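**Student:** What follows is target-v7.cif, made up of mmCIF, C-alpha atoms:
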```
data_final
loop_
_atom_site.label_atom_id
_atom_site.label_comp_id
_atom_site.auth_asym_id
_atom_site.auth_seq_id
_atom_site.Cartn_x
_atom_site.Cartn_y
_atom_site.Cartn_z
CA MET N 1 0.00 0.00 0.00
CA HIS N 2 2.76 2.42 1.00
CA PHE N 3 4.76 1.51 -2.06
CA LEU N 4 1.77 2.13 -4.30
CA VAL N 5 1.14 5.57 -2.78
CA TYR N 6 4.83 6.50 -3.06
CA PHE N 7 4.90 5.32 -6.64
CA ILE N 8 1.81 7.32 -7.60
CA VAL N 9 3.21 10.45 -5.93
CA SER N 10 6.55 10.12 -7.72
CA LEU N 11 4.75 9.55 -11.02
CA LEU N 12 2.63 12.65 -10.43
CA LEU N 13 5.66 14.75 -9.55
CA ALA N 14 7.54 13.58 -12.65
CA THR N 15 4.51 14.40 -14.79
CA VAL N 16 4.12 17.86 -13.25
CA GLN N 17 7.81 18.50 -13.74
CA THR N 18 7.78 17.61 -17.42
CA THR N 19 4.45 19.08 -18.46
CA LEU N 20 3.31 21.85 -16.13
CA LEU N 21 6.50 23.49 -14.94
CA PRO N 22 8.13 24.01 -18.37
CA VAL N 23 5.35 26.53 -18.99
CA PHE N 24 7.29 28.79 -16.59
CA PRO N 25 10.81 27.95 -17.72
CA ARG N 26 12.60 30.85 -16.15
CA LEU N 27 11.21 30.29 -12.68
CA PHE N 28 10.28 26.71 -11.98
CA ALA N 29 11.47 24.35 -14.67
CA GLN N 30 14.94 23.98 -13.31
CA TYR N 31 13.98 22.42 -10.01
CA ASP N 32 13.83 18.62 -9.63
CA LEU N 33 10.65 18.05 -7.63
CA LEU N 34 11.51 14.42 -6.97
CA ILE N 35 14.31 15.54 -4.65
CA PRO N 36 12.00 16.87 -1.91
CA PHE N 37 9.97 13.70 -2.18
CA VAL N 38 13.02 11.45 -1.92
CA VAL N 39 14.30 13.53 1.00
CA PHE N 40 10.94 13.30 2.73
CA LEU N 41 10.92 9.52 2.32
CA THR N 42 14.50 9.32 3.56
CA LEU N 43 14.05 11.49 6.63
CA PHE N 44 10.52 11.04 7.82
CA ARG N 45 9.12 7.75 6.51
CA SER N 46 9.76 4.17 7.48
CA SER N 47 11.92 2.01 5.27
CA ILE N 48 8.93 -0.03 4.05
CA GLY N 49 8.64 0.41 0.30
CA ARG N 50 11.14 3.27 0.31
CA LEU N 51 14.09 1.80 -1.53
CA PRO N 52 12.13 0.29 -4.45
CA VAL N 53 10.26 3.52 -5.07
CA ILE N 54 13.49 5.53 -4.98
CA LEU N 55 15.07 3.13 -7.46
CA ILE N 56 12.03 3.29 -9.73
CA SER N 57 11.79 7.10 -9.48
CA GLY N 58 15.49 7.47 -10.32
CA SER N 59 15.19 5.16 -13.28
CA LEU N 60 12.03 6.89 -14.46
CA MET N 61 13.68 10.30 -14.37
CA ASP N 62 16.73 8.94 -16.16
CA LEU N 63 14.56 7.52 -18.89
CA LEU N 64 12.55 10.71 -19.27
CA SER N 65 15.65 12.88 -19.39
CA GLY N 66 17.90 13.17 -22.39
CA GLY N 67 20.99 13.01 -20.21
CA SER N 68 23.29 10.19 -19.30
CA VAL N 69 21.44 7.21 -17.85
CA GLY N 70 21.94 6.73 -14.14
CA VAL N 71 22.49 10.32 -13.05
CA TYR N 72 19.17 10.69 -11.26
CA LEU N 73 19.35 7.17 -9.88
CA ILE N 74 22.80 7.81 -8.39
CA THR N 75 21.59 11.13 -6.94
CA TYR N 76 18.59 9.58 -5.21
CA ILE N 77 20.59 6.65 -3.88
CA LEU N 78 23.23 9.06 -2.57
CA ILE N 79 20.51 11.10 -0.85
CA LEU N 80 19.13 7.98 0.77
CA ALA N 81 22.56 6.72 1.80
CA ASN N 82 23.87 10.03 3.13
CA PHE N 83 20.89 11.47 4.91
CA ARG N 84 19.19 8.30 6.19
CA LYS N 85 20.61 8.69 9.69
CA VAL N 86 20.77 12.46 9.78
CA THR N 87 17.83 12.73 12.21
CA VAL N 88 19.76 10.61 14.70
CA TYR N 89 22.76 12.94 14.81
CA PHE N 90 21.23 16.34 14.11
CA HIS N 91 18.31 17.73 16.02
CA PHE N 92 16.70 20.58 14.14
CA LYS N 93 13.12 21.54 13.65
CA GLU N 94 11.74 19.17 11.00
CA THR N 95 11.10 21.89 8.41
CA VAL N 96 14.58 23.37 8.86
CA LEU N 97 16.21 19.96 8.56
CA PHE N 98 14.12 19.22 5.48
CA GLN N 99 15.18 22.55 3.99
CA ILE N 100 18.89 22.00 4.66
CA VAL N 101 18.88 18.46 3.30
CA ILE N 102 17.00 19.50 0.16
CA VAL N 103 19.47 22.29 -0.55
CA LEU N 104 22.36 19.86 -0.04
CA SER N 105 20.65 17.28 -2.26
CA VAL N 106 20.11 19.80 -5.05
CA LEU N 107 23.78 20.66 -4.75
CA ILE N 108 24.72 16.97 -4.95
CA GLU N 109 22.53 16.46 -8.01
CA ASN N 110 24.07 19.42 -9.78
CA LEU N 111 27.58 18.33 -8.85
CA ILE N 112 26.87 14.95 -10.39
CA PHE N 113 25.46 16.61 -13.50
CA GLY N 114 28.46 18.92 -13.64
CA LEU N 115 30.80 15.97 -13.32
CA VAL N 116 29.08 14.08 -16.12
CA ILE N 117 29.03 17.16 -18.34
CA SER N 118 32.68 17.95 -17.71
CA LEU N 119 33.58 14.34 -18.44
CA GLN N 120 31.94 14.85 -21.81
CA ALA N 121 34.22 17.89 -22.36
CA TRP N 122 31.51 20.56 -22.24
CA SER N 123 33.00 22.48 -19.36
CA VAL N 124 34.20 25.24 -21.66
CA HIS N 125 30.62 26.22 -22.48
CA LEU N 126 29.18 26.09 -18.96
CA SER N 127 30.47 28.95 -16.80
CA PHE N 128 27.89 31.67 -16.17
CA ASP N 129 24.86 29.72 -17.41
CA ALA N 130 25.67 26.83 -15.11
CA ILE N 131 26.03 29.13 -12.12
CA ALA N 132 22.72 30.82 -12.94
CA VAL N 133 20.95 27.46 -13.23
CA LEU N 134 22.44 26.25 -9.94
CA ALA N 135 21.56 29.48 -8.13
CA THR N 136 17.96 29.33 -9.36
CA GLN N 137 17.64 25.73 -8.26
CA LEU N 138 19.06 26.42 -4.81
CA MET N 139 16.81 29.44 -4.37
CA TRP N 140 13.73 27.43 -5.26
CA ALA N 141 14.86 24.59 -3.04
CA LEU N 142 15.15 27.00 -0.14
CA VAL N 143 11.83 28.73 -0.78
CA SER N 144 9.63 25.80 -1.70
CA SER N 145 10.86 23.17 0.74
CA PRO N 146 8.79 24.26 3.80
CA LEU N 147 5.65 24.29 1.68
CA LEU N 148 6.45 20.90 0.22
CA TYR N 149 7.16 19.57 3.70
CA PHE N 150 3.70 20.61 4.89
CA ALA N 151 2.11 19.21 1.74
CA PHE N 152 3.85 15.83 2.02
CA ASN N 153 3.38 15.67 5.78
CA SER N 154 -0.36 16.36 5.72
CA MET N 155 -0.86 14.04 2.75
CA PHE N 156 0.96 11.11 4.31
CA ASN N 157 -0.62 11.70 7.71
CA GLY N 158 -4.01 11.46 6.03
CA ILE N 159 -3.01 8.31 4.18
CA ASP N 160 -1.64 6.73 7.39
CA LYS N 161 -4.86 7.49 9.23
CA PHE N 162 -6.84 5.99 6.35
CA ILE N 163 -4.73 2.80 6.34
CA ILE N 164 -4.77 2.43 10.16
CA GLY N 165 -8.55 3.05 10.21
CA GLY N 166 -9.03 0.34 7.58
CA LEU N 167 -6.87 -2.12 9.56
CA LYS N 168 -8.78 -1.40 12.78
CA GLU N 169 -12.07 -2.07 11.03
CA LYS N 170 -10.76 -5.42 9.76
CA ILE N 171 -9.64 -6.41 13.27
CA MET L 1 -77.02 95.04 -9.29
CA VAL L 2 -75.45 95.19 -12.71
CA ALA L 3 -74.10 98.65 -12.00
CA ALA L 4 -72.53 97.43 -8.72
CA GLY L 5 -70.87 94.52 -10.53
CA ALA L 6 -69.51 96.82 -13.22
CA ALA L 7 -68.11 99.13 -10.54
CA VAL L 8 -66.27 96.23 -8.80
CA LEU L 9 -64.86 95.11 -12.16
CA ILE L 10 -63.67 98.60 -12.99
CA ALA L 11 -62.10 98.87 -9.52
CA LEU L 12 -60.24 95.59 -10.06
CA TYR L 13 -58.98 96.76 -13.45
CA LEU L 14 -57.78 99.95 -11.87
CA ILE L 15 -55.90 98.08 -9.15
CA VAL L 16 -54.29 95.72 -11.67
CA PHE L 17 -53.29 98.52 -13.98
CA SER L 18 -51.94 100.58 -11.16
CA PHE L 19 -49.73 97.65 -10.01
CA ALA L 20 -48.60 97.09 -13.56
CA TYR L 21 -47.66 100.69 -13.76
CA LEU L 22 -45.89 100.54 -10.40
CA ARG L 23 -43.73 97.57 -11.61
CA HIS L 24 -42.15 99.78 -14.18
CA ALA L 25 -41.71 102.53 -11.70
CA SER L 26 -38.48 102.80 -9.78
CA VAL L 27 -40.10 102.28 -6.38
CA GLY L 28 -41.76 99.03 -7.46
CA ASP L 29 -38.55 97.84 -9.07
CA ALA L 30 -36.56 98.42 -5.93
CA ALA L 31 -39.17 96.58 -3.89
CA THR L 32 -39.06 93.61 -6.28
CA ARG L 33 -35.28 93.50 -6.12
CA ALA L 34 -35.40 93.66 -2.34
CA ALA L 35 -37.93 90.85 -2.26
CA LEU L 36 -35.88 88.74 -4.64
CA PHE L 37 -32.73 89.49 -2.67
CA CYS L 38 -34.36 88.25 0.49
CA VAL L 39 -36.15 85.25 -0.88
CA SER L 40 -33.97 83.94 -3.70
CA PRO L 41 -31.18 82.49 -1.49
CA PHE L 42 -33.75 80.41 0.31
CA GLN L 43 -35.36 79.49 -2.94
CA THR L 44 -32.01 78.48 -4.36
CA ALA L 45 -31.12 76.51 -1.23
CA VAL L 46 -34.43 74.68 -1.22
CA SER L 47 -34.27 74.08 -4.93
CA VAL L 48 -30.71 72.74 -4.78
CA THR L 49 -31.56 70.52 -1.84
CA MET L 50 -34.60 69.19 -3.62
CA LYS L 51 -32.57 68.57 -6.73
CA ALA L 52 -29.86 66.87 -4.71
CA MET L 53 -32.36 64.67 -2.94
CA ASP L 54 -34.01 63.89 -6.22
CA ASP L 55 -30.61 63.02 -7.70
CA VAL L 56 -29.68 60.81 -4.75
CA TRP L 57 -33.01 59.07 -4.85
CA SER L 58 -33.06 58.51 -8.56
CA HIS L 59 -29.35 57.60 -8.73
CA TYR L 60 -29.64 55.15 -5.88
CA PHE L 61 -32.25 53.18 -7.77
CA PHE L 62 -30.41 53.85 -10.98
CA LEU L 63 -27.17 52.52 -9.46
CA ILE L 64 -28.80 49.30 -8.39
CA SER L 65 -29.94 48.65 -11.93
CA VAL L 66 -26.58 49.83 -13.26
CA ALA L 67 -24.77 47.49 -10.89
CA ARG L 68 -26.90 44.61 -12.10
CA GLU L 69 -26.33 45.62 -15.67
CA ASN L 70 -22.62 45.99 -14.96
CA GLU L 71 -22.41 42.47 -13.62
CA GLU L 72 -24.24 41.13 -16.64
CA LEU L 73 -21.96 43.08 -18.96
CA LYS L 74 -18.89 41.87 -17.11
CA LYS L 75 -20.04 38.28 -17.54
CA LYS L 76 -20.74 38.92 -21.20
CA LEU L 77 -17.34 40.57 -21.60
CA ALA L 78 -15.63 37.63 -19.90
CA ARG L 79 -17.45 35.21 -22.20
CA ALA L 80 -16.59 37.34 -25.22
CA SER L 81 -12.93 37.57 -24.12
CA GLU L 82 -12.80 33.82 -23.64
CA LYS L 83 -14.34 33.27 -27.04
CA ASN L 84 -12.01 35.80 -28.58
CA ASN L 85 -9.08 34.06 -26.95
CA GLN L 86 -10.27 30.71 -28.28
CA CYS L 87 -10.64 32.22 -31.74
CA ARG L 88 -7.16 33.72 -31.48
CA GLU L 89 -5.75 30.36 -30.39
CA MET L 90 -7.56 28.64 -33.25
CA GLU L 91 -6.28 31.25 -35.66
CA LEU L 92 -2.70 30.74 -34.47
CA ALA L 93 -3.08 26.95 -34.54
CA ASN L 94 -4.58 27.27 -37.99
CA ASP L 95 -1.63 29.35 -39.19
CA ARG L 96 0.80 26.79 -37.82
CA LEU L 97 -1.12 23.89 -39.30
CA VAL L 98 -1.41 25.60 -42.69
CA ALA L 99 2.38 25.99 -42.66
CA PHE L 100 2.63 22.30 -41.71
CA VAL L 101 0.31 21.24 -44.53
CA ASN L 102 2.27 23.36 -47.00
CA LEU L 103 5.49 21.76 -45.83
CA GLN L 104 3.91 18.32 -46.11
CA ARG L 105 2.79 19.08 -49.66
CA GLN L 106 6.17 20.40 -50.72
CA SER L 107 8.23 17.77 -48.96
CA PRO L 108 9.20 14.64 -50.85
CA PHE L 109 9.17 12.69 -47.56
CA VAL L 110 6.39 11.01 -45.64
CA LEU L 111 5.64 13.27 -42.70
CA GLU L 112 3.71 12.62 -39.52
CA ALA L 113 2.47 15.48 -37.33
CA ALA L 114 2.77 15.21 -33.56
CA ARG L 115 2.17 17.34 -30.50
CA VAL L 116 4.82 18.22 -27.94
CA ILE L 117 3.51 16.72 -24.71
CA ALA L 118 6.43 17.17 -22.31
CA LYS L 119 9.88 18.61 -21.92
CA ASP L 120 13.07 17.32 -20.35
CA VAL L 121 13.10 16.87 -16.57
CA SER L 122 16.57 18.33 -16.36
CA PRO L 123 17.59 21.87 -17.31
CA TRP L 124 20.95 20.52 -18.41
CA TYR L 125 19.55 18.55 -21.33
CA LYS L 126 17.26 19.58 -24.14
CA THR L 127 14.79 16.91 -25.14
CA ILE L 128 11.05 16.88 -25.72
CA ILE L 129 8.47 14.12 -25.71
CA ILE L 130 6.04 13.98 -28.64
CA SER L 131 2.68 12.30 -28.98
CA LYS L 132 3.54 9.82 -31.75
CA GLY L 133 5.49 6.59 -31.42
CA THR L 134 6.19 3.29 -33.08
CA ASP L 135 2.46 2.74 -33.66
CA HIS L 136 2.63 5.62 -36.14
CA GLY L 137 5.85 4.49 -37.78
CA VAL L 138 8.21 6.61 -35.69
CA VAL L 139 11.55 4.94 -35.06
CA THR L 140 14.83 5.96 -33.45
CA GLY L 141 16.74 8.36 -35.69
CA CYS L 142 13.73 9.91 -37.44
CA PRO L 143 14.36 13.62 -38.11
CA VAL L 144 11.88 16.04 -36.56
CA VAL L 145 11.17 19.34 -38.29
CA VAL L 146 8.87 22.37 -38.32
CA PRO L 147 8.38 24.84 -41.21
CA GLU L 148 11.02 27.15 -39.70
CA GLY L 149 13.74 24.48 -39.68
CA ILE L 150 14.94 21.30 -38.04
CA VAL L 151 14.05 20.48 -34.44
CA GLY L 152 16.07 17.37 -33.72
CA CYS L 153 15.91 13.63 -34.09
CA VAL L 154 14.07 10.82 -32.32
CA LEU L 155 16.18 9.41 -29.52
CA ALA L 156 13.82 6.68 -28.35
CA ALA L 157 10.30 5.68 -29.28
CA SER L 158 7.59 3.80 -27.44
CA ALA L 159 4.21 2.75 -28.82
CA GLY L 160 2.46 6.09 -28.35
CA SER L 161 5.24 8.59 -27.73
CA ALA L 162 8.84 9.37 -28.59
CA LYS L 163 11.72 11.29 -27.06
CA VAL L 164 13.32 13.85 -29.37
CA LEU L 165 16.85 15.17 -28.92
CA LEU L 166 16.80 18.86 -29.85
CA ILE L 167 19.59 20.30 -31.96
CA ILE L 168 20.41 22.70 -29.09
CA ASP L 169 21.25 19.81 -26.75
CA ARG L 170 24.93 19.37 -26.07
CA ASN L 171 24.71 15.77 -27.29
CA SER L 172 23.41 16.80 -30.70
CA SER L 173 25.53 17.15 -33.81
CA VAL L 174 24.23 17.86 -37.28
CA ASP L 175 26.35 17.80 -40.42
CA ALA L 176 25.75 21.19 -41.97
CA LEU L 177 26.67 23.62 -44.74
CA VAL L 178 26.71 27.37 -44.98
CA GLN L 179 24.21 27.94 -47.78
CA ARG L 180 26.09 30.79 -49.48
CA THR L 181 29.70 29.61 -49.27
CA ARG L 182 29.07 25.84 -48.99
CA ALA L 183 31.48 25.74 -46.04
CA ARG L 184 30.95 22.48 -44.24
CA GLY L 185 30.93 21.92 -40.50
CA LEU L 186 29.10 20.42 -37.55
CA ALA L 187 26.20 22.21 -35.88
CA GLN L 188 26.50 21.26 -32.23
CA GLY L 189 24.21 22.16 -29.35
CA MET L 190 25.29 24.64 -26.69
CA ALA L 191 24.16 25.58 -23.22
CA ARG L 192 22.41 28.79 -24.20
CA GLU L 193 19.84 27.49 -26.72
CA LEU L 194 22.33 28.17 -29.48
CA CYS L 195 24.45 25.98 -31.73
CA ARG L 196 28.14 26.06 -32.47
CA PHE L 197 29.20 25.58 -36.07
CA ASP L 198 32.40 23.62 -35.58
CA TYR L 199 35.14 22.70 -38.02
CA ALA L 200 34.38 25.50 -40.48
CA LEU L 201 37.66 26.17 -42.27
CA ARG L 202 39.18 29.64 -42.01
CA LYS L 203 39.40 30.00 -45.78
CA PHE L 204 35.61 30.34 -46.09
CA ASP L 205 34.22 33.85 -45.89
CA ILE L 206 31.32 33.26 -43.51
CA LYS L 207 29.30 36.34 -42.61
CA ILE L 208 26.82 37.14 -39.86
CA GLY L 209 23.31 36.35 -41.07
CA ASP L 210 24.38 33.51 -43.39
CA THR L 211 21.94 30.62 -43.41
CA VAL L 212 23.20 27.22 -42.36
CA VAL L 213 21.44 24.14 -43.73
CA THR L 214 21.77 20.41 -43.28
CA SER L 215 24.28 18.77 -45.61
CA GLY L 216 22.60 15.37 -45.70
CA PHE L 217 25.92 13.63 -45.04
CA ASP L 218 25.06 12.45 -41.55
CA GLY L 219 22.43 10.01 -42.78
CA ILE L 220 19.81 11.40 -40.40
CA TYR L 221 18.67 14.76 -41.75
CA PRO L 222 17.77 15.24 -45.42
CA LYS L 223 19.82 17.78 -47.33
CA GLY L 224 18.84 21.44 -47.43
CA LEU L 225 16.78 21.78 -44.25
CA ARG L 226 17.34 25.07 -42.46
CA ILE L 227 19.16 24.97 -39.11
CA GLY L 228 19.85 28.57 -38.20
CA SER L 229 21.63 31.76 -39.11
CA VAL L 230 25.18 32.76 -38.20
CA SER L 231 25.03 35.02 -35.16
CA SER L 232 28.73 35.49 -34.37
CA ILE L 233 32.10 34.68 -35.89
CA ILE L 234 35.54 34.70 -34.33
CA ARG L 235 38.39 34.25 -36.76
CA ARG L 236 41.62 33.97 -34.78
CA ASN L 237 45.07 34.69 -36.17
CA SER L 238 46.09 31.09 -35.86
CA GLY L 239 44.27 27.80 -36.19
CA LEU L 240 42.57 25.84 -38.92
CA PHE L 241 39.01 26.68 -38.09
CA GLN L 242 36.90 29.70 -37.28
CA GLU L 243 34.54 29.86 -34.28
CA VAL L 244 31.00 30.32 -35.49
CA GLU L 245 27.78 30.49 -33.48
CA LEU L 246 24.32 29.81 -34.90
CA ALA L 247 20.94 31.10 -33.76
CA PRO L 248 18.46 28.34 -34.64
CA TYR L 249 15.43 29.36 -36.71
CA VAL L 250 13.18 27.29 -34.47
CA ASP L 251 12.01 28.84 -31.22
CA PHE L 252 12.30 25.85 -28.91
CA THR L 253 10.54 27.56 -26.03
CA THR L 254 7.27 27.86 -27.94
CA LEU L 255 7.33 24.54 -29.76
CA GLU L 256 3.85 22.96 -29.78
CA GLU L 257 3.58 20.79 -32.87
CA VAL L 258 6.25 19.09 -34.95
CA LEU L 259 6.54 16.99 -38.08
CA ILE L 260 8.41 13.70 -38.06
CA ILE L 261 10.07 12.61 -41.29
CA LEU L 262 9.18 8.93 -41.49
CA SER L 263 10.93 7.93 -44.68
CA PRO L 264 14.67 7.93 -44.06
CA PRO L 265 16.80 10.21 -46.24
CA VAL L 266 19.12 8.68 -48.76
CA PRO L 267 22.70 9.39 -47.61
CA GLU L 268 24.74 11.57 -49.93
CA SER L 269 27.35 9.64 -51.77
#
```
Could I get this structure in the form of C-alpha cells?

**Tutor:**
Amino acid sequence: MHFLVYFIVSLLLATVQTTLLPVFPRLFAQYDLLIPFVVFLTLFRSSIGRLPVILISGSLMDLLSGGSVGVYLITYILILANFRKVTVYFHFKETVLFQIVIVLSVLIENLIFGLVISLQAWSVHLSFDAIAVLATQLMWALVSSPLLYFAFNSMFNGIDKFIIGGLKEKI
Amino acid sequence: MVAAGAAVLIALYLIVFSFAYLRHASVGDAATRAALFCVSPFQTAVSVTMKAMDDVWSHYFFLISVARENEELKKKLARASEKNNQCREMELANDRLVAFVNLQRQSPFVLEAARVIAKDVSPWYKTIIISKGTDHGVVTGCPVVVPEGIVGCVLAASAGSAKVLLIIDRNSSVDALVQRTRARGLAQGMARELCRFDYALRKFDIKIGDTVVTSGFDGIYPKGLRIGSVSSIIRRNSGLFQEVELAPYVDFTTLEEVLIILSPPVPES
C-alpha cells in the first residue's frame, strides 16, 4: 500500500515536472521536484517500500531525461545513503532539517550533473549559465521546501490514518 | 345690481393697472429686487436641496440597476474575451497547421504530425516528448522538423510517444553547410539554446546572417533543411578553423507541434 502511494506520488511529480513546470521555464522548470519527495521519504518515513520507489523514481527520471542514464538514480541513492541517519545525529526543527537536506541534495545532483558534463568535455561552455541554473535551483529549493514539507506531511498523515482506520475495522 | 358689478370690475382693473404701472416705476422695481434678494437664497437653497435629494433618490435606484447591468456586462465581456481568446488560439493553430500542410505538400518525404507533450526533466539537457510513437511508424533516428527548420531527431520511441533530442542539446551534432559559401561543419548544441558551427575552415568567408542548412551527409537529416543563421564569428590569427555560433530558426521555447520525417533520407554519396 505504502509503495503504491509513493509510486503514484513520484509519477505525479515527474509528470508535473515535465508538463506543467516548463510553462514557466525561467522560474520553476529547473527544479527537480523528486528531490524533496526522496528527502521526505528518507528522513521522515519508514523504510517499508522506500528503496524500491526511490530506485524506480530514479530510473524513471533517467529515462525521461535526455541526459546520461543513471544520473538521477545515483543522486537519489546518494541522498538515501547520506541522509538516512541524519535525524539521529542532528536535532533541528523538522522543516529546517528538510530545507537544509534539500538544498544539499540539489547541490549533490548538480555536482553529479556537472561531473558528467565535464567528463563529456563541455565544461568550456558552462560557466555563467551553469552558475545561474544552480543558483535558481538552490533558491527554489530553499523557498519551496517548507511548503512541500507541509504538503507531504499532511498528505501522508491522512493516508496513514486511512490505512490504520481500515486495519482497525478489519480487526 | 349690474351697476354694482360693473363698478367692482372697474375697480379691479384699476388696481391691476396701477400695479402694472408701479412695476415699471423705480419704487416698485426696488421693492421687487429687495424681495428677490431676500427670498432667492432660500429658494435656491431649497431648490438645490430638492434637486440633490431627487438626484440621490433617482441615482440610488439607478445605481442598483446599473450594478446589475454591470455584472451582466462583465459576464458577457468575460465570455466574449474567452471566445475571442479561443478564436485567437484557433487562428494561431490554424496558421501553424497551414504551414505544416504546405510543408507536407512540398516535402518529398512522408511526414507525420505530432504534438509536444512534455519537456526534459533536467535543465541541463534539451529533449522533448512527442505524442507519436512506433504505432505511427516513428523509429529511433527519425528527423523532426517544423516549417522554420529542423528540431532534432528521435532518440527513443515507445508505442504512443517518442523522445526527441533537440539540436540545441549538447549531445546533438548535425552535419551542416553554410548555404552561401558551402562551407561544411558540424552544428552542435550549446548551453544557451544556441548551436556552435564547428570545423568550419578559415578559408571560407562566412558572414553574420548567413543561413546554415543540413548537408545530408550524416544520414539522419535530409539535405537542405534550415538549421539557423550565423550570429557570431571569431576568426583567430592562428588555427585551422573559425569559431561560429548559430541562432536556430526554431524557437524551442514555444514549440507545440512538430513533423516527423518517417521515410529515411538517402545518404549523400

**Student:** Compile the residues of chain N that lie within 10 Å of chain L, evaluated using only C-alpha atoms, and express the compilation as a PDB file with C-alpha atoms, in the frame of the given file.

**Tutor:**
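File part_36.pdb, as written:
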```
ATOM      1  CA  ALA N  14       7.540  13.580 -12.650  1.00  0.00           C
ATOM      2  CA  THR N  15       4.510  14.400 -14.790  1.00  0.00           C
ATOM      3  CA  VAL N  16       4.120  17.860 -13.250  1.00  0.00           C
ATOM      4  CA  GLN N  17       7.810  18.500 -13.740  1.00  0.00           C
ATOM      5  CA  THR N  18       7.780  17.610 -17.420  1.00  0.00           C
ATOM      6  CA  THR N  19       4.450  19.080 -18.460  1.00  0.00           C
ATOM      7  CA  LEU N  20       3.310  21.850 -16.130  1.00  0.00           C
ATOM      8  CA  LEU N  21       6.500  23.490 -14.940  1.00  0.00           C
ATOM      9  CA  PRO N  22       8.130  24.010 -18.370  1.00  0.00           C
ATOM     10  CA  VAL N  23       5.350  26.530 -18.990  1.00  0.00           C
ATOM     11  CA  PRO N  25      10.810  27.950 -17.720  1.00  0.00           C
ATOM     12  CA  ALA N  29      11.470  24.350 -14.670  1.00  0.00           C
ATOM     13  CA  GLN N  30      14.940  23.980 -13.310  1.00  0.00           C
ATOM     14  CA  TYR N  31      13.980  22.420 -10.010  1.00  0.00           C
ATOM     15  CA  ASP N  32      13.830  18.620  -9.630  1.00  0.00           C
ATOM     16  CA  LEU N  33      10.650  18.050  -7.630  1.00  0.00           C
ATOM     17  CA  MET N  61      13.680  10.300 -14.370  1.00  0.00           C
ATOM     18  CA  ASP N  62      16.730   8.940 -16.160  1.00  0.00           C
ATOM     19  CA  LEU N  63      14.560   7.520 -18.890  1.00  0.00           C
ATOM     20  CA  LEU N  64      12.550  10.710 -19.270  1.00  0.00           C
ATOM     21  CA  SER N  65      15.650  12.880 -19.390  1.00  0.00           C
ATOM     22  CA  GLY N  66      17.900  13.170 -22.390  1.00  0.00           C
ATOM     23  CA  GLY N  67      20.990  13.010 -20.210  1.00  0.00           C
ATOM     24  CA  SER N  68      23.290  10.190 -19.300  1.00  0.00           C
ATOM     25  CA  TYR N  72      19.170  10.690 -11.260  1.00  0.00           C
ATOM     26  CA  ASN N 110      24.070  19.420  -9.780  1.00  0.00           C
ATOM     27  CA  PHE N 113      25.460  16.610 -13.500  1.00  0.00           C
ATOM     28  CA  GLY N 114      28.460  18.920 -13.640  1.00  0.00           C
ATOM     29  CA  ILE N 117      29.030  17.160 -18.340  1.00  0.00           C
ATOM     30  CA  GLN N 120      31.940  14.850 -21.810  1.00  0.00           C
ATOM     31  CA  TRP N 122      31.510  20.560 -22.240  1.00  0.00           C
ATOM     32  CA  HIS N 125      30.620  26.220 -22.480  1.00  0.00           C
ATOM     33  CA  LEU N 126      29.180  26.090 -18.960  1.00  0.00           C
ATOM     34  CA  SER N 127      30.470  28.950 -16.800  1.00  0.00           C
ATOM     35  CA  ASP N 129      24.860  29.720 -17.410  1.00  0.00           C
ATOM     36  CA  ALA N 130      25.670  26.830 -15.110  1.00  0.00           C
ATOM     37  CA  VAL N 133      20.950  27.460 -13.230  1.00  0.00           C
ATOM     38  CA  LEU N 134      22.440  26.250  -9.940  1.00  0.00           C
ATOM     39  CA  GLN N 137      17.640  25.730  -8.260  1.00  0.00           C
TER      40      GLN N 137
END
```

**Student:** For the file shown, report as an NGL selection string the outcome of the PyMOL selection byres ((chain N and resi 39-51) around 8) at residue level.

**Tutor:** :N and (2-3 or 6 or 35-38 or 52-55 or 79-80 or 83-87 or 98 or 101-102 or 149 or 152)

**Student:** Hey, can you check how far CA of Leu73 (chain L) sits from CA of Asp54 (chain L)?

**Tutor:** 27.2 Å

**Student:** Using CA of Val230 (chain L) and CA of Lys207 (chain L) as the two end points, give the distance in Å to one decimal.

**Tutor:** 7.0 Å

**Student:** CA of Leu259 (chain L) and CA of Val144 (chain L), how far apart in Å?

**Tutor:** 5.6 Å

**Student:** Evaluated on this file, the PyMOL selection byres ((chain L and resi 112) around 8) picks out some residues - which ones are they, written as a ChimeraX atom specification?

**Tutor:** /L:110-111,113-114,136,259-262

**Student:** Now that the selection is made, can you save its residues with C-alpha atoms as a PDB file, keeping the file's coordinate frame?

**Tutor:**
```pdb
ATOM      1  CA  VAL L 110       6.390  11.010 -45.640  1.00  0.00           C
ATOM      2  CA  LEU L 111       5.640  13.270 -42.700  1.00  0.00           C
ATOM      3  CA  ALA L 113       2.470  15.480 -37.330  1.00  0.00           C
ATOM      4  CA  ALA L 114       2.770  15.210 -33.560  1.00  0.00           C
ATOM      5  CA  HIS L 136       2.630   5.620 -36.140  1.00  0.00           C
ATOM      6  CA  LEU L 259       6.540  16.990 -38.080  1.00  0.00           C
ATOM      7  CA  ILE L 260       8.410  13.700 -38.060  1.00  0.00           C
ATOM      8  CA  ILE L 261      10.070  12.610 -41.290  1.00  0.00           C
ATOM      9  CA  LEU L 262       9.180   8.930 -41.490  1.00  0.00           C
TER      10      LEU L 262
END
```

**Student:** Let me know the residues the PyMOL selection byres ((chain L and resi 246) around 9) catches in the file above, as a compact mmCIF listing (two decimals) with C-alpha atoms, in the coordinates of the input.

**Tutor:**
```
# COMPACT_ATOMS: atom_id res chain seq x y z
CA ALA L 187 26.20 22.21 -35.88
CA LEU L 194 22.33 28.17 -29.48
CA CYS L 195 24.45 25.98 -31.73
CA ARG L 196 28.14 26.06 -32.47
CA PHE L 197 29.20 25.58 -36.07
CA THR L 211 21.94 30.62 -43.41
CA VAL L 212 23.20 27.22 -42.36
CA ILE L 227 19.16 24.97 -39.11
CA GLY L 228 19.85 28.57 -38.20
CA SER L 229 21.63 31.76 -39.11
CA VAL L 230 25.18 32.76 -38.20
CA SER L 231 25.03 35.02 -35.16
CA SER L 232 28.73 35.49 -34.37
CA VAL L 244 31.00 30.32 -35.49
CA GLU L 245 27.78 30.49 -33.48
CA ALA L 247 20.94 31.10 -33.76
CA PRO L 248 18.46 28.34 -34.64
```

**Student:** Which residue out of N:Ile74, N:Leu104, N:Ala135, N:Val96 has the minimum interatomic distance to Phe150 (chain N) when only C-alpha atoms are used?

**Tutor:**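 Counting only C-alpha atoms, the residue closest to Phe150 (chain N) is N:Val96.
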